Amino acid sequence: MASLIDLAALTTNEQEALQTSEAIFEKVYAKPALTDAHLVVTGIQMKTQIPFYGMFDLVGKASTGSCASMDETKAIVASNKWWDPMLIAFRLTHCQEDIAQLFKMWQRAQSALATWEDMDNEQVAFLSDRTVDAMIEAILRISSFADESENVIGSGGNLTAATTITYFTMLDGLWPQLIAAVGSGTTPRYTIAENGGASYAAQNNLAADRALLAMRGLYNDIDSRARLGDGLVFQMTDSLYRNWLNYLEDKSLAFTLERTEKGKVTQMSYRGIPIVVRYDWDRNIRASFDTGAKYYLPHRMLLSPINNIPIGTSDESDLNNFDMFYDRTLKTHYIDVAFYLDCKLLEDYMAAVAY
């Protein structure tokens, strides 16, 4: 058994830090609120049909000028996609006795019999916080990049060599669906030329106006029903967002910022459409889609209503809840996480992408 807190690299002696306030905790990564990027649909636990109904084709011709009826042989075409959620789960185990006796950051049980069970409230809070963060990171990774046909580089895939592919192959996430829709000609694409660079440096050498051209291209190419509807947002990698900010500064253009009530967070927009920065996309691409010389499509952008790219789950509370318990027989603390998850691109024409 092992502890969830690895102290191997921490010096423990008579004078180490005694208070939580003296410690430096690694900052969690910036990530979007799930509801800023997706509609969350609940009650999805098994394969469930999503029906689509089209529109009538052309109707209305000049009357023949007689009593003959102007019958049209038209029909509304129906089609469907399917929710097919996967049960995602993991367990973390922790043995309190494996923490060195000299470690004094969190209070230890006074009773010998409670050595294995009792954890300081601050320690519980720390493990809980880190568990929730790991859950959100997993949800964002799976919903965006999971691909049932993915594999490592050298075996027909794009994953970094030695990656455990089962972290990615449980379902088809958003990006595989978008790329497939582009391939079928049902979703327009703006091509980011720098993605084809042969090295990290070449890929990072974005044209000064690349983000501008990408947003303009997506805005102009997306179906007007999406452009004039509700909930339309740009989602983009941090690399493109920084390129956009640099362009505005270089051109000395006025920033149009909408501030929150506290005035600490700004929301950038383009043509009145909010921009959601997907720091998690950059992070996952660089961590898991690296050939050793370049990245697989490091600069990406999506324009779509968030209602068109929903996440499906059986119970939304499962996406941030977990079960922490202690087993007295094994003298071990457990943290169990489980949730159903799927992600869908509903109507292809309601999205436009750049990569």
# chains A, B, ... in the order shown; residues from 1 in each chain; ligands from 1
>>> residues_around(residues="Thr131 in chain A", least_positions_apart="3", cutoff="10 Å", atoms="only C-alpha atoms", output="PDB file with N, CA and C atoms, in the first residue's frame")
ATOM      1  N   LEU A  92      -8.424   5.900  -5.929  1.00  0.00           N
ATOM      2  CA  LEU A  92      -7.172   6.313  -5.322  1.00  0.00           C
ATOM      3  C   LEU A  92      -7.095   5.698  -3.926  1.00  0.00           C
ATOM      4  N   ALA A 125      -9.218  17.921   3.288  1.00  0.00           N
ATOM      5  CA  ALA A 125      -9.599  18.981   2.351  1.00  0.00           C
ATOM      6  C   ALA A 125      -8.631  19.046   1.177  1.00  0.00           C
ATOM      7  N   PHE A 126      -7.340  18.871   1.464  1.00  0.00           N
ATOM      8  CA  PHE A 126      -6.328  18.907   0.400  1.00  0.00           C
ATOM      9  C   PHE A 126      -6.545  17.769  -0.589  1.00  0.00           C
ATOM     10  N   LEU A 127      -6.723  16.541  -0.080  1.00  0.00           N
ATOM     11  CA  LEU A 127      -6.931  15.393  -0.965  1.00  0.00           C
ATOM     12  C   LEU A 127      -8.236  15.539  -1.740  1.00  0.00           C
ATOM     13  N   SER A 128      -9.259  16.072  -1.110  1.00  0.00           N
ATOM     14  CA  SER A 128     -10.549  16.270  -1.779  1.00  0.00           C
ATOM     15  C   SER A 128     -10.419  17.264  -2.923  1.00  0.00           C
ATOM     16  N   ALA A 134      -8.592  16.602 -10.463  1.00  0.00           N
ATOM     17  CA  ALA A 134      -8.245  15.495 -11.365  1.00  0.00           C
ATOM     18  C   ALA A 134      -9.475  15.033 -12.145  1.00  0.00           C
ATOM     19  N   MET A 135     -10.639  15.032 -11.506  1.00  0.00           N
ATOM     20  CA  MET A 135     -11.872  14.652 -12.190  1.00  0.00           C
ATOM     21  C   MET A 135     -12.187  15.618 -13.331  1.00  0.00           C
ATOM     22  N   ILE A 136     -12.088  16.914 -13.046  1.00  0.00           N
ATOM     23  CA  ILE A 136     -12.395  17.908 -14.084  1.00  0.00           C
ATOM     24  C   ILE A 136     -11.411  17.805 -15.239  1.00  0.00           C
ATOM     25  N   GLU A 137     -10.137  17.613 -14.917  1.00  0.00           N
ATOM     26  CA  GLU A 137      -9.131  17.438 -15.971  1.00  0.00           C
ATOM     27  C   GLU A 137      -9.476  16.224 -16.833  1.00  0.00           C
ATOM     28  N   ASN A 320     -18.571  16.052 -10.160  1.00  0.00           N
ATOM     29  CA  ASN A 320     -17.699  16.704  -9.174  1.00  0.00           C
ATOM     30  C   ASN A 320     -17.825  16.097  -7.774  1.00  0.00           C
ATOM     31  N   ASN A 321     -18.474  14.942  -7.686  1.00  0.00           N
ATOM     32  CA  ASN A 321     -18.574  14.253  -6.406  1.00  0.00           C
ATOM     33  C   ASN A 321     -17.762  12.967  -6.415  1.00  0.00           C
ATOM     34  N   PHE A 322     -17.417  12.484  -5.237  1.00  0.00           N
ATOM     35  CA  PHE A 322     -16.668  11.239  -5.109  1.00  0.00           C
ATOM     36  C   PHE A 322     -17.007  10.612  -3.765  1.00  0.00           C
ATOM     37  N   ILE A 335     -10.596   6.585  -2.264  1.00  0.00           N
ATOM     38  CA  ILE A 335     -11.387   7.615  -2.936  1.00  0.00           C
ATOM     39  C   ILE A 335     -11.869   7.005  -4.251  1.00  0.00           C
ATOM     40  N   ASP A 336     -13.172   6.808  -4.358  1.00  0.00           N
ATOM     41  CA  ASP A 336     -13.761   6.238  -5.566  1.00  0.00           C
ATOM     42  C   ASP A 336     -14.440   7.330  -6.384  1.00  0.00           C
ATOM     43  N   VAL A 337     -14.157   7.315  -7.669  1.00  0.00           N
ATOM     44  CA  VAL A 337     -14.760   8.269  -8.605  1.00  0.00           C
ATOM     45  C   VAL A 337     -15.424   7.480  -9.726  1.00  0.00           C
TER      46      VAL A 337
END
>>> residues_around(residues="Leu330 in chain A", least_positions_apart="5", cutoff="12 Å", atoms="only C-alpha atoms", output="list in words")
Met1, Thr93, His94, Cys95, Gln96, Glu97, Trp116, Glu117 and Phe325 of chain A
>>> select_by_dssp(residues="range 229-294 of chain A", states="strand (DSSP E or B)", output="PDB file with C-alpha atoms, in the first residue's frame")
ATOM      1  CA  LEU A 232     -22.681  31.079 -30.066  1.00  0.00           C
ATOM      2  CA  VAL A 233     -19.115  31.133 -28.701  1.00  0.00           C
ATOM      3  CA  PHE A 234     -15.581  30.957 -29.990  1.00  0.00           C
ATOM      4  CA  GLN A 235     -13.446  28.372 -28.230  1.00  0.00           C
ATOM      5  CA  MET A 236      -9.732  28.439 -28.949  1.00  0.00           C
ATOM      6  CA  LEU A 257     -13.955  44.116 -22.462  1.00  0.00           C
ATOM      7  CA  GLU A 258     -16.959  43.077 -20.450  1.00  0.00           C
ATOM      8  CA  ARG A 259     -16.005  43.018 -16.759  1.00  0.00           C
ATOM      9  CA  THR A 266     -12.346  40.086 -18.358  1.00  0.00           C
ATOM     10  CA  GLN A 267     -14.254  38.511 -21.207  1.00  0.00           C
ATOM     11  CA  MET A 268     -12.950  39.121 -24.711  1.00  0.00           C
ATOM     12  CA  SER A 269     -15.273  38.896 -27.682  1.00  0.00           C
ATOM     13  CA  TYR A 270     -15.080  39.084 -31.461  1.00  0.00           C
ATOM     14  CA  ILE A 273     -19.344  36.633 -29.773  1.00  0.00           C
ATOM     15  CA  PRO A 274     -17.683  35.606 -26.486  1.00  0.00           C
ATOM     16  CA  ILE A 275     -14.283  33.934 -26.556  1.00  0.00           C
ATOM     17  CA  VAL A 276     -13.646  30.953 -24.280  1.00  0.00           C
ATOM     18  CA  VAL A 277      -9.952  30.175 -23.897  1.00  0.00           C
ATOM     19  CA  ASP A 290       3.890  15.110 -29.217  1.00  0.00           C
TER      20      ASP A 290
END
>>> closest_residue(among="A:Arg286, A:Lys81, A:Lys331, A:Lys47", to="Gln177 in chain A", atoms="only C-alpha atoms")
A:Lys81
>>> closest_residue(among="A:Ile99, A:Leu34, A:Val132, A:Leu345", to="Asp323 in chain A", atoms="only C-alpha atoms")
A:Val132
>>> closest_residue(among="A:Ala30, A:Ala193, A:Leu159, A:Cys67", to="Gly292 in chain A", atoms="only C-alpha atoms")
A:Leu159
>>> select_by_dssp(residues="range 244-310 of chain A", states="helix (DSSP H, G or I)", output="list in words")
Trp244, Leu245, Asn246, Tyr247, Leu248, Glu249, Asp250, Tyr279, Asp280, Trp281, Asp282, Arg283, Asn284, Ile285, Arg286, Ala287, Ser288, Ile306, Asn307 and Asn308 of chain A
>>> write_last_selection(atoms="C-alpha atoms", output="PDB file, in the first residue's frame")
ATOM      1  CA  TRP A 244      -5.164  37.676 -30.900  1.00  0.00           C
ATOM      2  CA  LEU A 245      -4.126  39.816 -27.927  1.00  0.00           C
ATOM      3  CA  ASN A 246      -0.735  40.510 -29.490  1.00  0.00           C
ATOM      4  CA  TYR A 247      -2.423  41.576 -32.714  1.00  0.00           C
ATOM      5  CA  LEU A 248      -4.678  44.016 -30.852  1.00  0.00           C
ATOM      6  CA  GLU A 249      -1.724  45.510 -29.000  1.00  0.00           C
ATOM      7  CA  ASP A 250       0.409  45.788 -32.127  1.00  0.00           C
ATOM      8  CA  TYR A 279      -6.123  26.250 -21.800  1.00  0.00           C
ATOM      9  CA  ASP A 280      -6.865  22.553 -21.382  1.00  0.00           C
ATOM     10  CA  TRP A 281      -6.582  22.017 -25.142  1.00  0.00           C
ATOM     11  CA  ASP A 282      -3.029  23.401 -25.207  1.00  0.00           C
ATOM     12  CA  ARG A 283      -2.116  21.384 -22.134  1.00  0.00           C
ATOM     13  CA  ASN A 284      -3.445  18.072 -23.441  1.00  0.00           C
ATOM     14  CA  ILE A 285      -2.002  18.517 -26.917  1.00  0.00           C
ATOM     15  CA  ARG A 286       1.468  19.238 -25.554  1.00  0.00           C
ATOM     16  CA  ALA A 287       1.300  16.445 -23.002  1.00  0.00           C
ATOM     17  CA  SER A 288      -0.185  13.698 -25.152  1.00  0.00           C
ATOM     18  CA  ILE A 306     -22.591  25.404 -26.761  1.00  0.00           C
ATOM     19  CA  ASN A 307     -26.020  23.732 -27.026  1.00  0.00           C
ATOM     20  CA  ASN A 308     -24.756  22.067 -30.209  1.00  0.00           C
TER      21      ASN A 308
END
>>> residues_around(residues="range 37-46 of chain A", least_positions_apart="2", cutoff="10 Å", atoms="only C-alpha atoms", output="MDAnalysis selection string")
chainID A and resid 32:35 48:49 82:87 140 143 231 233:235 276:278 304:317 339:344
>>> closest_residue(among="A:Tyr349, A:Tyr167, A:Leu58, A:Ser69", to="Ile139 in chain A", atoms="only C-alpha atoms")
A:Tyr167
>>> atom_distance(atom1="CA of His333 in chain A", atom2="CA of Gln110 in chain A")
18.3 Å
>>> closest_residue(among="A:Tyr334, A:Tyr219, A:Gly272, A:Trp106", to="Gln123 in chain A", atoms="only C-alpha atoms")
A:Trp106
>>> atom_distance(atom1="CA of Arg189 in chain A", atom2="CA of Met350 in chain A")
12.3 Å
>>> closest_residue(among="A:Leu253, A:Ala293, A:Ala181, A:Ala351", to="Arg227 in chain A", atoms="only C-alpha atoms")
A:Ala351
